[in-house]
Structure formats: structure tokens, C-alpha cells
$ cat upload_21.pdb   # PDB, C-alpha atoms
MODEL        1
ATOM      1  CA  MET A   1     102.473 -30.589  84.325
ATOM      2  CA  VAL A   2     100.815 -30.855  80.908
ATOM      3  CA  GLU A   3     101.789 -33.649  78.518
ATOM      4  CA  MET A   4     101.077 -33.938  74.796
ATOM      5  CA  ILE A   5     101.125 -37.383  73.178
ATOM      6  CA  GLU A   6     100.490 -38.331  69.555
ATOM      7  CA  PHE A   7      98.797 -41.703  69.045
ATOM      8  CA  ASN A   8      96.460 -43.662  66.783
ATOM      9  CA  ASP A   9      92.923 -44.002  68.110
ATOM     10  CA  ASN A  10      90.963 -47.064  67.000
ATOM     11  CA  THR A  11      87.994 -44.893  65.997
ATOM     12  CA  TRP A  12      89.328 -41.446  65.070
ATOM     13  CA  GLY A  13      92.747 -42.290  63.648
ATOM     14  CA  ARG A  14      95.774 -40.083  64.277
ATOM     15  CA  CYS A  15      95.134 -37.926  67.352
ATOM     16  CA  ILE A  16      96.794 -35.710  69.933
ATOM     17  CA  GLN A  17      96.175 -36.369  73.623
ATOM     18  CA  ILE A  18      96.676 -33.472  76.026
ATOM     19  CA  LYS A  19      96.588 -34.290  79.728
ATOM     20  CA  ASN A  20      97.646 -33.283  83.212
ATOM     21  CA  ASN A  21      97.261 -35.357  86.363
ATOM     22  CA  GLN A  22      93.475 -34.811  86.440
ATOM     23  CA  VAL A  23      91.947 -34.560  82.959
ATOM     24  CA  GLU A  24      92.613 -35.478  79.348
ATOM     25  CA  LEU A  25      91.564 -34.133  75.956
ATOM     26  CA  MET A  26      91.740 -35.746  72.522
ATOM     27  CA  VAL A  27      92.086 -33.808  69.270
ATOM     28  CA  PRO A  28      91.918 -35.603  65.883
ATOM     29  CA  HIS A  29      94.268 -34.834  62.987
ATOM     30  CA  GLU A  30      92.052 -36.293  60.270
ATOM     31  CA  PHE A  31      89.101 -33.862  60.479
ATOM     32  CA  GLY A  32      88.072 -30.779  62.372
ATOM     33  CA  PRO A  33      88.881 -28.583  64.129
ATOM     34  CA  ARG A  34      87.291 -30.728  66.839
ATOM     35  CA  VAL A  35      87.906 -31.818  70.411
ATOM     36  CA  MET A  36      86.572 -35.376  70.645
ATOM     37  CA  ARG A  37      87.248 -36.102  74.310
ATOM     38  CA  TYR A  38      87.279 -34.174  77.587
ATOM     39  CA  ALA A  39      87.280 -36.335  80.710
ATOM     40  CA  PHE A  40      88.836 -37.126  84.021
ATOM     41  CA  ILE A  41      91.777 -39.467  83.361
ATOM     42  CA  GLY A  42      90.409 -42.832  82.206
ATOM     43  CA  ALA A  43      86.805 -41.890  83.040
ATOM     44  CA  GLN A  44      83.668 -41.157  81.012
ATOM     45  CA  ASN A  45      83.924 -38.884  77.998
ATOM     46  CA  HIS A  46      81.604 -35.938  78.504
ATOM     47  CA  PHE A  47      81.274 -35.451  74.753
ATOM     48  CA  ALA A  48      79.119 -37.650  72.532
ATOM     49  CA  GLU A  49      80.875 -39.693  69.846
ATOM     50  CA  PHE A  50      79.311 -40.989  66.622
ATOM     51  CA  PRO A  51      81.851 -43.467  65.168
ATOM     52  CA  ASP A  52      79.591 -44.478  62.250
ATOM     53  CA  HIS A  53      80.016 -40.963  60.810
ATOM     54  CA  LYS A  54      83.782 -41.536  60.545
ATOM     55  CA  THR A  55      83.308 -44.574  58.319
ATOM     56  CA  SER A  56      80.755 -42.907  56.026
ATOM     57  CA  PRO A  57      81.825 -42.830  52.355
ATOM     58  CA  GLU A  58      80.073 -39.458  51.858
ATOM     59  CA  LYS A  59      83.103 -37.220  52.343
ATOM     60  CA  ASP A  60      81.432 -34.317  50.519
ATOM     61  CA  LYS A  61      78.768 -34.048  53.251
ATOM     62  CA  TRP A  62      78.937 -32.636  56.778
ATOM     63  CA  HIS A  63      79.053 -35.250  59.562
ATOM     64  CA  SER A  64      78.383 -34.641  63.228
ATOM     65  CA  TYR A  65      81.115 -36.927  64.652
ATOM     66  CA  GLY A  66      80.217 -35.518  68.092
ATOM     67  CA  GLY A  67      82.801 -33.806  70.284
ATOM     68  CA  HIS A  68      83.209 -30.042  70.385
ATOM     69  CA  ARG A  69      83.121 -28.110  67.118
ATOM     70  CA  LEU A  70      83.350 -24.592  65.692
ATOM     71  CA  TRP A  71      80.727 -23.103  63.378
ATOM     72  CA  HIS A  72      79.954 -19.665  62.000
ATOM     73  CA  GLY A  73      76.422 -18.294  62.053
ATOM     74  CA  PRO A  74      73.713 -17.333  61.502
ATOM     75  CA  GLU A  75      72.726 -20.883  60.659
ATOM     76  CA  ASP A  76      72.427 -21.619  56.953
ATOM     77  CA  LEU A  77      71.809 -25.054  55.436
ATOM     78  CA  VAL A  78      74.667 -24.591  52.972
ATOM     79  CA  ARG A  79      77.280 -22.358  54.617
ATOM     80  CA  THR A  80      76.999 -23.629  58.196
ATOM     81  CA  TYR A  81      77.070 -27.293  57.183
ATOM     82  CA  LEU A  82      80.143 -27.182  54.983
ATOM     83  CA  PRO A  83      82.097 -30.411  55.613
ATOM     84  CA  ASP A  84      85.036 -30.455  58.011
ATOM     85  CA  ASN A  85      86.170 -33.907  56.915
ATOM     86  CA  ASP A  86      89.709 -33.016  55.816
ATOM     87  CA  PRO A  87      92.910 -33.146  57.890
ATOM     88  CA  VAL A  88      93.828 -30.179  60.062
ATOM     89  CA  THR A  89      97.189 -28.776  61.101
ATOM     90  CA  ILE A  90      98.094 -28.936  64.798
ATOM     91  CA  ASP A  91     100.932 -26.720  66.021
ATOM     92  CA  GLY A  92     102.285 -25.601  69.371
ATOM     93  CA  SER A  93     103.308 -27.293  72.582
ATOM     94  CA  ALA A  94     101.527 -29.012  75.436
ATOM     95  CA  ALA A  95     100.859 -25.620  77.032
ATOM     96  CA  ALA A  96      98.876 -24.381  74.014
ATOM     97  CA  ILE A  97      98.060 -26.116  70.758
ATOM     98  CA  ILE A  98      96.458 -24.455  67.729
ATOM     99  CA  ILE A  99      94.234 -26.495  65.412
ATOM    100  CA  LYS A 100      93.629 -25.019  61.959
ATOM    101  CA  GLN A 101      91.301 -26.081  59.197
ATOM    102  CA  ALA A 102      92.190 -25.301  55.598
ATOM    103  CA  ILE A 103      90.512 -22.210  54.169
ATOM    104  CA  GLU A 104      86.952 -23.059  53.118
ATOM    105  CA  PRO A 105      86.966 -22.549  49.323
ATOM    106  CA  GLN A 106      83.263 -21.667  49.265
ATOM    107  CA  THR A 107      83.479 -18.938  51.942
ATOM    108  CA  GLN A 108      87.205 -18.059  52.143
ATOM    109  CA  LEU A 109      86.890 -18.394  55.924
ATOM    110  CA  GLN A 110      89.292 -20.375  58.082
ATOM    111  CA  LYS A 111      88.398 -21.967  61.430
ATOM    112  CA  GLU A 112      90.913 -22.235  64.248
ATOM    113  CA  MET A 113      90.868 -23.434  67.872
ATOM    114  CA  GLU A 114      93.526 -22.798  70.479
ATOM    115  CA  ILE A 115      93.484 -25.237  73.418
ATOM    116  CA  GLN A 116      95.159 -24.332  76.716
ATOM    117  CA  LEU A 117      95.037 -26.875  79.545
ATOM    118  CA  ASP A 118      95.876 -25.759  83.079
ATOM    119  CA  PRO A 119      98.907 -27.628  84.475
ATOM    120  CA  SER A 120      97.186 -28.768  87.664
ATOM    121  CA  ASP A 121      93.377 -28.657  87.507
ATOM    122  CA  THR A 122      90.479 -29.309  85.096
ATOM    123  CA  HIS A 123      90.412 -25.821  83.540
ATOM    124  CA  VAL A 124      90.662 -25.616  79.761
ATOM    125  CA  LYS A 125      90.649 -22.325  77.878
ATOM    126  CA  VAL A 126      89.368 -22.714  74.316
ATOM    127  CA  ILE A 127      89.881 -19.769  71.968
ATOM    128  CA  HIS A 128      87.753 -20.069  68.825
ATOM    129  CA  ARG A 129      88.841 -17.960  65.854
ATOM    130  CA  ILE A 130      87.471 -17.386  62.375
ATOM    131  CA  HIS A 131      89.752 -15.676  59.860
ATOM    132  CA  ASN A 132      88.408 -13.750  56.866
ATOM    133  CA  ASN A 133      90.429 -14.338  53.689
ATOM    134  CA  ASN A 134      87.953 -12.559  51.411
ATOM    135  CA  LEU A 135      88.550  -9.210  49.711
ATOM    136  CA  PHE A 136      85.522  -7.779  51.517
ATOM    137  CA  ASP A 137      84.000  -7.616  55.001
ATOM    138  CA  ILE A 138      82.082 -10.602  56.352
ATOM    139  CA  ARG A 139      79.465 -10.372  59.111
ATOM    140  CA  LEU A 140      79.118 -13.493  61.239
ATOM    141  CA  SER A 141      78.908 -14.972  64.707
ATOM    142  CA  VAL A 142      81.557 -17.310  66.088
ATOM    143  CA  TRP A 143      79.583 -20.299  67.303
ATOM    144  CA  ALA A 144      80.986 -22.958  69.669
ATOM    145  CA  VAL A 145      79.036 -26.213  70.005
ATOM    146  CA  SER A 146      79.704 -28.874  72.664
ATOM    147  CA  VAL A 147      77.916 -32.134  71.817
ATOM    148  CA  MET A 148      77.161 -33.928  75.064
ATOM    149  CA  GLY A 149      76.332 -37.585  75.658
ATOM    150  CA  ILE A 150      72.910 -39.082  76.348
ATOM    151  CA  GLY A 151      71.032 -39.311  79.630
ATOM    152  CA  GLY A 152      72.294 -36.157  81.311
ATOM    153  CA  CYS A 153      70.742 -32.894  82.409
ATOM    154  CA  ALA A 154      71.505 -29.419  81.001
ATOM    155  CA  ILE A 155      71.515 -26.364  83.263
ATOM    156  CA  LEU A 156      70.911 -22.903  81.803
ATOM    157  CA  PRO A 157      71.143 -20.247  84.547
ATOM    158  CA  LEU A 158      68.922 -17.197  84.454
ATOM    159  CA  PRO A 159      70.338 -13.776  85.347
ATOM    160  CA  PRO A 160      70.392 -12.924  89.074
ATOM    161  CA  ARG A 161      66.823 -12.751  90.333
ATOM    162  CA  GLY A 162      65.226  -9.624  91.772
ATOM    163  CA  SER A 163      61.855  -8.337  92.972
ATOM    164  CA  HIS A 164      58.947  -6.365  91.602
ATOM    165  CA  ASP A 165      59.583  -3.613  94.137
ATOM    166  CA  PHE A 166      63.044  -2.803  92.812
ATOM    167  CA  ASP A 167      63.347  -4.351  89.310
ATOM    168  CA  ARG A 168      60.713  -3.009  86.930
ATOM    169  CA  GLN A 169      62.568  -3.332  83.603
ATOM    170  CA  ALA A 170      62.798  -6.430  81.405
ATOM    171  CA  GLN A 171      66.004  -8.307  82.078
ATOM    172  CA  THR A 172      66.476 -10.945  79.372
ATOM    173  CA  SER A 173      64.660 -12.723  76.547
ATOM    174  CA  LEU A 174      64.044 -16.395  75.857
ATOM    175  CA  ASN A 175      64.161 -17.264  72.179
ATOM    176  CA  LEU A 176      62.181 -20.135  70.682
ATOM    177  CA  TRP A 177      62.396 -22.058  67.433
ATOM    178  CA  ALA A 178      59.351 -23.182  65.448
ATOM    179  CA  TYR A 179      59.802 -26.704  66.832
ATOM    180  CA  THR A 180      60.311 -25.628  70.477
ATOM    181  CA  ASP A 181      57.586 -27.137  72.656
ATOM    182  CA  LEU A 182      57.530 -25.708  76.166
ATOM    183  CA  SER A 183      54.976 -28.336  77.230
ATOM    184  CA  ASP A 184      57.611 -31.044  76.667
ATOM    185  CA  LYS A 185      58.207 -32.750  80.019
ATOM    186  CA  ARG A 186      61.961 -32.670  79.466
ATOM    187  CA  TRP A 187      61.907 -28.940  80.254
ATOM    188  CA  GLN A 188      61.887 -27.698  83.854
ATOM    189  CA  PHE A 189      61.466 -23.978  84.479
ATOM    190  CA  GLN A 190      62.726 -23.042  87.920
ATOM    191  CA  LYS A 191      63.307 -19.701  89.621
ATOM    192  CA  LYS A 192      67.047 -19.568  88.947
ATOM    193  CA  TYR A 193      67.548 -22.166  86.217
ATOM    194  CA  ILE A 194      66.100 -23.643  83.059
ATOM    195  CA  ILE A 195      66.773 -27.389  83.088
ATOM    196  CA  PHE A 196      66.496 -29.880  80.247
ATOM    197  CA  LYS A 197      66.722 -33.650  80.700
ATOM    198  CA  GLN A 198      68.123 -35.460  77.667
ATOM    199  CA  ASP A 199      66.036 -38.554  76.903
ATOM    200  CA  PRO A 200      67.375 -41.079  74.335
ATOM    201  CA  SER A 201      63.850 -42.453  73.866
ATOM    202  CA  ASN A 202      62.390 -39.097  72.754
ATOM    203  CA  SER A 203      63.293 -38.111  69.178
ATOM    204  CA  GLU A 204      61.495 -34.750  69.194
ATOM    205  CA  SER A 205      64.036 -31.954  68.732
ATOM    206  CA  GLN A 206      64.014 -29.051  71.171
ATOM    207  CA  LYS A 207      65.904 -25.764  71.284
ATOM    208  CA  ILE A 208      65.944 -22.612  73.367
ATOM    209  CA  GLY A 209      68.179 -19.541  73.466
ATOM    210  CA  ILE A 210      68.685 -16.765  75.987
ATOM    211  CA  SER A 211      69.977 -13.248  75.485
ATOM    212  CA  TYR A 212      71.506 -12.382  78.857
ATOM    213  CA  SER A 213      72.173 -15.094  81.421
ATOM    214  CA  ASP A 214      74.651 -15.644  84.237
ATOM    215  CA  GLY A 215      77.350 -16.445  81.673
ATOM    216  CA  TRP A 216      77.618 -20.222  81.878
ATOM    217  CA  LEU A 217      76.084 -23.544  80.889
ATOM    218  CA  SER A 218      76.435 -26.972  82.500
ATOM    219  CA  TYR A 219      75.674 -30.600  81.701
ATOM    220  CA  ILE A 220      75.455 -33.104  84.530
ATOM    221  CA  ASN A 221      75.877 -36.779  83.714
ATOM    222  CA  ASN A 222      76.763 -39.749  85.951
ATOM    223  CA  ASN A 223      77.492 -37.510  88.956
ATOM    224  CA  GLU A 224      79.934 -35.292  87.075
ATOM    225  CA  ALA A 225      79.317 -31.807  85.685
ATOM    226  CA  PHE A 226      80.812 -30.233  82.574
ATOM    227  CA  ILE A 227      80.760 -26.440  82.857
ATOM    228  CA  LYS A 228      81.472 -23.891  80.145
ATOM    229  CA  LYS A 229      81.735 -20.154  80.707
ATOM    230  CA  CYS A 230      81.447 -17.518  78.012
ATOM    231  CA  GLN A 231      81.403 -13.733  78.257
ATOM    232  CA  PHE A 232      78.231 -11.844  77.363
ATOM    233  CA  LEU A 233      78.754  -8.395  75.819
ATOM    234  CA  ASN A 234      76.096  -5.797  76.471
ATOM    235  CA  ASP A 235      74.892  -3.500  73.686
ATOM    236  CA  GLN A 236      75.972  -5.979  70.996
ATOM    237  CA  SER A 237      73.813  -7.759  68.405
ATOM    238  CA  TYR A 238      73.564 -11.538  68.598
ATOM    239  CA  GLN A 239      72.090 -13.991  66.113
ATOM    240  CA  ASP A 240      68.908 -16.004  66.729
ATOM    241  CA  GLU A 241      66.875 -13.075  68.065
ATOM    242  CA  GLY A 242      69.693 -12.070  70.395
ATOM    243  CA  SER A 243      70.833 -15.437  71.795
ATOM    244  CA  SER A 244      74.221 -15.608  73.502
ATOM    245  CA  LEU A 245      73.696 -19.142  74.884
ATOM    246  CA  GLU A 246      71.582 -21.981  73.465
ATOM    247  CA  ILE A 247      70.574 -25.556  74.239
ATOM    248  CA  TYR A 248      69.614 -28.013  71.494
ATOM    249  CA  ALA A 249      68.566 -31.615  72.130
ATOM    250  CA  ASP A 250      67.207 -34.688  70.393
ATOM    251  CA  HIS A 251      67.383 -38.415  71.172
ATOM    252  CA  LYS A 252      71.051 -38.751  70.126
ATOM    253  CA  CYS A 253      72.678 -35.956  72.112
ATOM    254  CA  LEU A 254      72.372 -32.554  73.724
ATOM    255  CA  GLU A 255      74.305 -29.498  72.564
ATOM    256  CA  LEU A 256      75.552 -26.644  74.750
ATOM    257  CA  GLU A 257      76.127 -23.685  72.440
ATOM    258  CA  SER A 258      77.733 -20.285  72.977
ATOM    259  CA  LEU A 259      77.872 -17.454  70.467
ATOM    260  CA  SER A 260      79.833 -14.285  69.919
ATOM    261  CA  PRO A 261      78.096 -11.072  68.883
ATOM    262  CA  LEU A 262      77.523 -10.643  65.173
ATOM    263  CA  THR A 263      80.782  -9.104  64.013
ATOM    264  CA  TYR A 264      82.071  -7.494  60.821
ATOM    265  CA  ILE A 265      85.456  -9.015  60.018
ATOM    266  CA  GLU A 266      87.630  -6.990  57.655
ATOM    267  CA  PRO A 267      89.748  -8.716  54.984
ATOM    268  CA  GLY A 268      92.649 -10.355  56.778
ATOM    269  CA  GLY A 269      90.858  -9.923  60.115
ATOM    270  CA  VAL A 270      89.705 -12.413  62.720
ATOM    271  CA  ALA A 271      86.791 -12.826  65.161
ATOM    272  CA  GLU A 272      87.144 -14.649  68.478
ATOM    273  CA  LEU A 273      85.033 -16.420  71.056
ATOM    274  CA  ILE A 274      86.606 -17.640  74.307
ATOM    275  CA  GLU A 275      85.204 -20.429  76.455
ATOM    276  CA  ASP A 276      86.467 -21.735  79.800
ATOM    277  CA  TRP A 277      85.744 -25.393  80.588
ATOM    278  CA  TYR A 278      85.723 -27.187  83.931
ATOM    279  CA  LEU A 279      84.773 -30.608  85.281
ATOM    280  CA  ILE A 280      83.511 -31.215  88.812
ATOM    281  CA  LYS A 281      82.510 -34.409  90.609
ATOM    282  CA  GLY A 282      79.777 -35.273  93.069
ATOM    283  CA  ILE A 283      76.636 -33.685  91.643
ATOM    284  CA  ASN A 284      73.500 -35.590  90.654
ATOM    285  CA  GLU A 285      71.618 -34.987  87.384
ATOM    286  CA  ASN A 286      68.426 -34.706  89.445
ATOM    287  CA  ALA A 287      69.931 -31.939  91.577
ATOM    288  CA  GLU A 288      67.595 -29.277  92.942
ATOM    289  CA  GLU A 289      68.326 -25.553  92.825
ATOM    290  CA  THR A 290      70.041 -25.518  96.209
ATOM    291  CA  GLU A 291      72.472 -28.278  95.176
ATOM    292  CA  ILE A 292      73.171 -26.554  91.840
ATOM    293  CA  ASP A 293      73.865 -23.357  93.783
ATOM    294  CA  HIS A 294      76.124 -25.198  96.216
ATOM    295  CA  GLN A 295      78.040 -27.213  93.605
ATOM    296  CA  CYS A 296      78.032 -25.494  90.207
ATOM    297  CA  LEU A 297      77.395 -21.856  91.046
ATOM    298  CA  ALA A 298      79.749 -21.762  94.027
ATOM    299  CA  PHE A 299      82.480 -23.424  91.957
ATOM    300  CA  ILE A 300      82.037 -20.928  89.095
ATOM    301  CA  LYS A 301      82.201 -17.973  91.442
ATOM    302  CA  SER A 302      85.416 -19.376  92.901
ATOM    303  CA  GLN A 303      87.006 -19.270  89.434
ATOM    304  CA  LYS A 304      86.483 -15.535  88.861
TER     305      LYS A 304
ENDMDL
END
$ encode --input "upload_21.pdb" --output "C-alpha cells"
Amino acid sequence: MVEMIEFNDNTWGRCIQIKNNQVELMVPHEFGPRVMRYAFIGAQNHFAEFPDHKTSPEKDKWHSYGGHRLWHGPEDLVRTYLPDNDPVTIDGSAAAIIIKQAIEPQTQLQKEMEIQLDPSDTHVKVIHRIHNNNLFDIRLSVWAVSVMGIGGCAILPLPPRGSHDFDRQAQTSLNLWAYTDLSDKRWQFQKKYIIFKQDPSNSESQKIGISYSDGWLSYINNNEAFIKKCQFLNDQSYQDEGSSLEIYADHKCLELESLSPLTYIEPGGVAELIEDWYLIKGINENAEETEIDHQCLAFIKSQK
């Protein structure tokens, strides 16, 4: 059974807690749309939190806060970083709540998240929507960003592997930013996975994107794994040189990012991106490929 409780959090103010007998989520009223907590009941929060951003007097500037957020791309220093510091509306029931931001006056776009928690397991369906309230078409990507805590390990799966004898065509592309440094020891390039170890002592930013992957990302921290699935659509154009999934990291956090294709939204129309979240226990952040296969990959395949 899913419960929904309204309460005052010492850090984030008025919030909604959604929980079943396994996991809990926390959604703030005072800014967003954001999900600030996703965790096993009473256990570690898998999302990073930056409480000092909540107390900042600069309400006209964008603040990270942490948690899980919704952006629209391609990335632009003005449009993407418009503040989400104002209260949101939260409607619905425990089975499905909808979080809406006010229409952005600068863009006439409106961000919305729908959160659906399974009654009995860790599965959360998150439907990200961007509404176009302009009098003209807008082309954008719906961009979902999960800000993970420090000290963990990100897993980016490559598409299913093949052989030179039977697979002669290019399969996917890796996309790099000007600051991406593939010699950075935090990267590990394995046969089936790209792995990045978040290091709070290393302030050098890193980012990588992939066009076609196996459709999921994971972050392993303190023997628990956060997994997010997102559909990849063939023959569609994606931002960032074709990236459908991305990893960004610095010394404060690591971000797991999924993106929709670049989409023209008509006036009054909406674009969507759907993610499925899961938590699993009993996997080490130093896991080798065989353990990732056995734990993460086998679990994901069981959810199809």
C-alpha cells in the first residue's frame, strides 16, 4: 500500500512523503519540481542534498539543491538555468502525484513531473512533461537529471557486444565535452560497461554521453544500487551530438542524465520523457563486470 504524508522538513520546509513498505520519496512544495529523497525506509538518501542553497538570499538565481530535477535542452546558460525557486502545486493521490511549476515567464514553458510509486516494491515511474504555452512551436529535449551523492560508482552500459565476424557496422557513439579527459583515473572502460568513480577530493569536472546504450544507468553507493531506465528511440535526433544518456561528475556530486529526442512542441502541446527507478541491495561499488551482470543487468531484465 502507498501512503502520502504532508510534513515540514527541517531543511526543505513543507514536503510530501510518498512511501510503501520498502521505499520512500520526498517532494518539496517550496521549489521545484524536484524529488529530494529516494531511499529504502529510514536508510541512506541516494540523491545528493545541498542545504546551503536553500538558505541563499539570491532567489533570482538558479540553485542546485540536489535531488532529481527536470530541465529542457539543449543546454543554454540563460534558458536552462532559469530559477526553480518558487512554490509548486502538488495534486493527486498516493498512487500518482503531479508536481507543476508555474509557467516560466521568459520561455512560456511549464515543467511537470508525475510520480507513481509501486504499492509493494521499489519501482517508481517518473513521467517528465514540458508544456508549450507559446503561440509558436518550440524545439527542445526533455532532460531528466538525478543528482547522486558522493563516493559512489556510476555504471553506463554499452549496447550488447558482438564480434568482427558478424558485426561490421558502427553501433553507437561516445560524445565528449571540451573538458572531458579520458586519461582521468576515475574512468574505467570495460568490455560491457563504462564506469566512473565519484571522488570528492577531485574537483575536475568530467562528462560523457552515449547515443545508443542498453537503456539504463546505475549508481552504486554503500552496497546499494540506484537504477534508472529510459527508452531510446531509433531514427530520432538527440541533443549533445546525439546523446540519449549522460554522466556528469565533479567533487560535489555525480549526475545521471537521460534525454528525450529533440522534439517540436506545438502551441498547447507537451513533450514527455519517462524514467523507471529501482533500488537494489547487496552490490559493491567496486563490482566487476560479472557481478554487475549478475546483480544489475539480471534485475533489469527481470523487470521487462
$ residues_near_point --input "upload_21.pdb" --point "(56.3, -27.4, 77.3)" --cutoff "12 Å" --atoms "all atoms listed in the file" --output "list in words"
Leu176, Tyr179, Thr180, Asp181, Leu182, Ser183, Asp184, Lys185, Arg186, Trp187, Gln188, Phe189, Ile194, Ile195, Phe196, Gln206, Lys207 and Ile208 of chain A
$ resolve_selection --input "upload_21.pdb" --expression "the PyMOL selection byres ((chain A and resi 242) around 12)" --output "number ranges by chain"
A: 74, 141, 172-176, 208-213, 232-241, 243-246, 258-262
$ residues_around --input "upload_21.pdb" --residues "stretch 31-44 of chain A" --least-positions-apart "6" --cutoff "8 Å" --atoms "all atoms listed in the file" --output "list of chain:residue names"
A:Lys19, A:Asn21, A:Gln22, A:Val23, A:Glu24, A:Leu25, A:Gly66, A:Gly67, A:His68, A:Arg69, A:Leu70, A:Asp84, A:Asn85, A:Asp86, A:Pro87, A:Val88, A:Ile99, A:Lys100, A:Gln101, A:Lys111, A:Glu112, A:Met113, A:Leu279
$ atom_distance --input "upload_21.pdb" --atom1 "atom CA of A:Asp137" --atom2 "atom CA of A:Pro83"
22.9 Å
$ atom_distance --input "upload_21.pdb" --atom1 "atom CA of A:Cys253" --atom2 "atom CA of A:His53"
14.4 Å
$ residues_around --input "upload_21.pdb" --residues "A:Ile283" --least-positions-apart "6" --cutoff "9 Å" --atoms "all atoms listed in the file" --output "list of chain:residue names"
A:Ile220, A:Asn221, A:Asn222, A:Asn223, A:Glu224, A:Ala225, A:Glu291, A:Ile292, A:Gln295, A:Cys296
$ closest_residue --input "upload_21.pdb" --among "A:Phe299, A:Trp12, A:Tyr264, A:Phe47" --to "A:Ile138" --atoms "only C-alpha atoms"
A:Tyr264
$ atom_distance --input "upload_21.pdb" --atom1 "atom CA of A:Val145" --atom2 "atom CA of A:Glu30"
19.1 Å
$ residues_around --input "upload_21.pdb" --residues "A:Asp293" --least-positions-apart "2" --cutoff "12 Å" --atoms "only C-alpha atoms" --output "PyMOL selection string"
chain A and resi 155+157+160+191-193+283+287-291+295-301
$ axis_aligned_box --input "upload_21.pdb" --around "stretch 47-55 of chain A" --padding-each-side "5 Å" --output "lines of an AutoDock Vina configuration file"
center_x = 81.5
center_y = -40.0
center_z = 66.5
size_x = 14.7
size_y = 19.1
size_z = 26.4
$ decode --input "upload_21.pdb" --residues "stretch 47-67 of chain A" --atoms "N, CA and C atoms" --output "PDB file, in the first residue's frame"
ATOM      1  N   PHE A  47      20.050  10.450  -3.382  1.00  0.00           N
ATOM      2  CA  PHE A  47      20.266  11.736  -4.022  1.00  0.00           C
ATOM      3  C   PHE A  47      21.118  12.637  -3.126  1.00  0.00           C
ATOM      4  N   ALA A  48      21.953  13.442  -3.766  1.00  0.00           N
ATOM      5  CA  ALA A  48      22.712  14.467  -3.034  1.00  0.00           C
ATOM      6  C   ALA A  48      21.767  15.563  -2.558  1.00  0.00           C
ATOM      7  N   GLU A  49      22.125  16.202  -1.460  1.00  0.00           N
ATOM      8  CA  GLU A  49      21.374  17.355  -0.950  1.00  0.00           C
ATOM      9  C   GLU A  49      22.359  18.470  -0.623  1.00  0.00           C
ATOM     10  N   PHE A  50      22.017  19.692  -1.012  1.00  0.00           N
ATOM     11  CA  PHE A  50      22.852  20.862  -0.755  1.00  0.00           C
ATOM     12  C   PHE A  50      22.040  21.885   0.031  1.00  0.00           C
ATOM     13  N   PRO A  51      21.943  21.708   1.368  1.00  0.00           N
ATOM     14  CA  PRO A  51      21.071  22.568   2.181  1.00  0.00           C
ATOM     15  C   PRO A  51      21.440  24.041   2.134  1.00  0.00           C
ATOM     16  N   ASP A  52      22.750  24.368   1.934  1.00  0.00           N
ATOM     17  CA  ASP A  52      23.149  25.771   1.924  1.00  0.00           C
ATOM     18  C   ASP A  52      22.496  26.533   0.771  1.00  0.00           C
ATOM     19  N   HIS A  53      22.114  25.827  -0.311  1.00  0.00           N
ATOM     20  CA  HIS A  53      21.452  26.508  -1.420  1.00  0.00           C
ATOM     21  C   HIS A  53      20.055  26.966  -1.032  1.00  0.00           C
ATOM     22  N   LYS A  54      19.414  26.249  -0.089  1.00  0.00           N
ATOM     23  CA  LYS A  54      18.062  26.614   0.335  1.00  0.00           C
ATOM     24  C   LYS A  54      18.064  27.921   1.111  1.00  0.00           C
ATOM     25  N   THR A  55      19.133  28.186   1.839  1.00  0.00           N
ATOM     26  CA  THR A  55      19.194  29.387   2.666  1.00  0.00           C
ATOM     27  C   THR A  55      19.806  30.584   1.935  1.00  0.00           C
ATOM     28  N   SER A  56      20.173  30.406   0.670  1.00  0.00           N
ATOM     29  CA  SER A  56      20.776  31.505  -0.086  1.00  0.00           C
ATOM     30  C   SER A  56      19.767  32.626  -0.301  1.00  0.00           C
ATOM     31  N   PRO A  57      20.191  33.888  -0.119  1.00  0.00           N
ATOM     32  CA  PRO A  57      19.285  35.017  -0.353  1.00  0.00           C
ATOM     33  C   PRO A  57      19.076  35.325  -1.839  1.00  0.00           C
ATOM     34  N   GLU A  58      19.845  34.684  -2.724  1.00  0.00           N
ATOM     35  CA  GLU A  58      19.797  35.005  -4.151  1.00  0.00           C
ATOM     36  C   GLU A  58      18.687  34.202  -4.826  1.00  0.00           C
ATOM     37  N   LYS A  59      17.445  34.636  -4.624  1.00  0.00           N
ATOM     38  CA  LYS A  59      16.298  33.910  -5.145  1.00  0.00           C
ATOM     39  C   LYS A  59      16.126  34.093  -6.649  1.00  0.00           C
ATOM     40  N   ASP A  60      16.830  35.067  -7.236  1.00  0.00           N
ATOM     41  CA  ASP A  60      16.717  35.280  -8.679  1.00  0.00           C
ATOM     42  C   ASP A  60      17.730  34.439  -9.455  1.00  0.00           C
ATOM     43  N   LYS A  61      18.494  33.582  -8.759  1.00  0.00           N
ATOM     44  CA  LYS A  61      19.477  32.735  -9.410  1.00  0.00           C
ATOM     45  C   LYS A  61      19.097  31.263  -9.252  1.00  0.00           C
ATOM     46  N   TRP A  62      19.557  30.436 -10.206  1.00  0.00           N
ATOM     47  CA  TRP A  62      19.311  29.005 -10.135  1.00  0.00           C
ATOM     48  C   TRP A  62      20.211  28.387  -9.059  1.00  0.00           C
ATOM     49  N   HIS A  63      19.638  27.462  -8.270  1.00  0.00           N
ATOM     50  CA  HIS A  63      20.384  26.748  -7.244  1.00  0.00           C
ATOM     51  C   HIS A  63      20.243  25.247  -7.476  1.00  0.00           C
ATOM     52  N   SER A  64      21.308  24.523  -7.216  1.00  0.00           N
ATOM     53  CA  SER A  64      21.279  23.087  -7.482  1.00  0.00           C
ATOM     54  C   SER A  64      20.316  22.356  -6.547  1.00  0.00           C
ATOM     55  N   TYR A  65      20.385  22.614  -5.254  1.00  0.00           N
ATOM     56  CA  TYR A  65      19.617  21.923  -4.226  1.00  0.00           C
ATOM     57  C   TYR A  65      19.963  20.438  -4.149  1.00  0.00           C
ATOM     58  N   GLY A  66      20.275  19.795  -5.268  1.00  0.00           N
ATOM     59  CA  GLY A  66      20.445  18.353  -5.318  1.00  0.00           C
ATOM     60  C   GLY A  66      19.163  17.687  -5.773  1.00  0.00           C
ATOM     61  N   GLY A  67      18.959  16.425  -5.360  1.00  0.00           N
ATOM     62  CA  GLY A  67      17.747  15.711  -5.715  1.00  0.00           C
ATOM     63  C   GLY A  67      17.669  15.388  -7.204  1.00  0.00           C
TER      64      GLY A  67
END
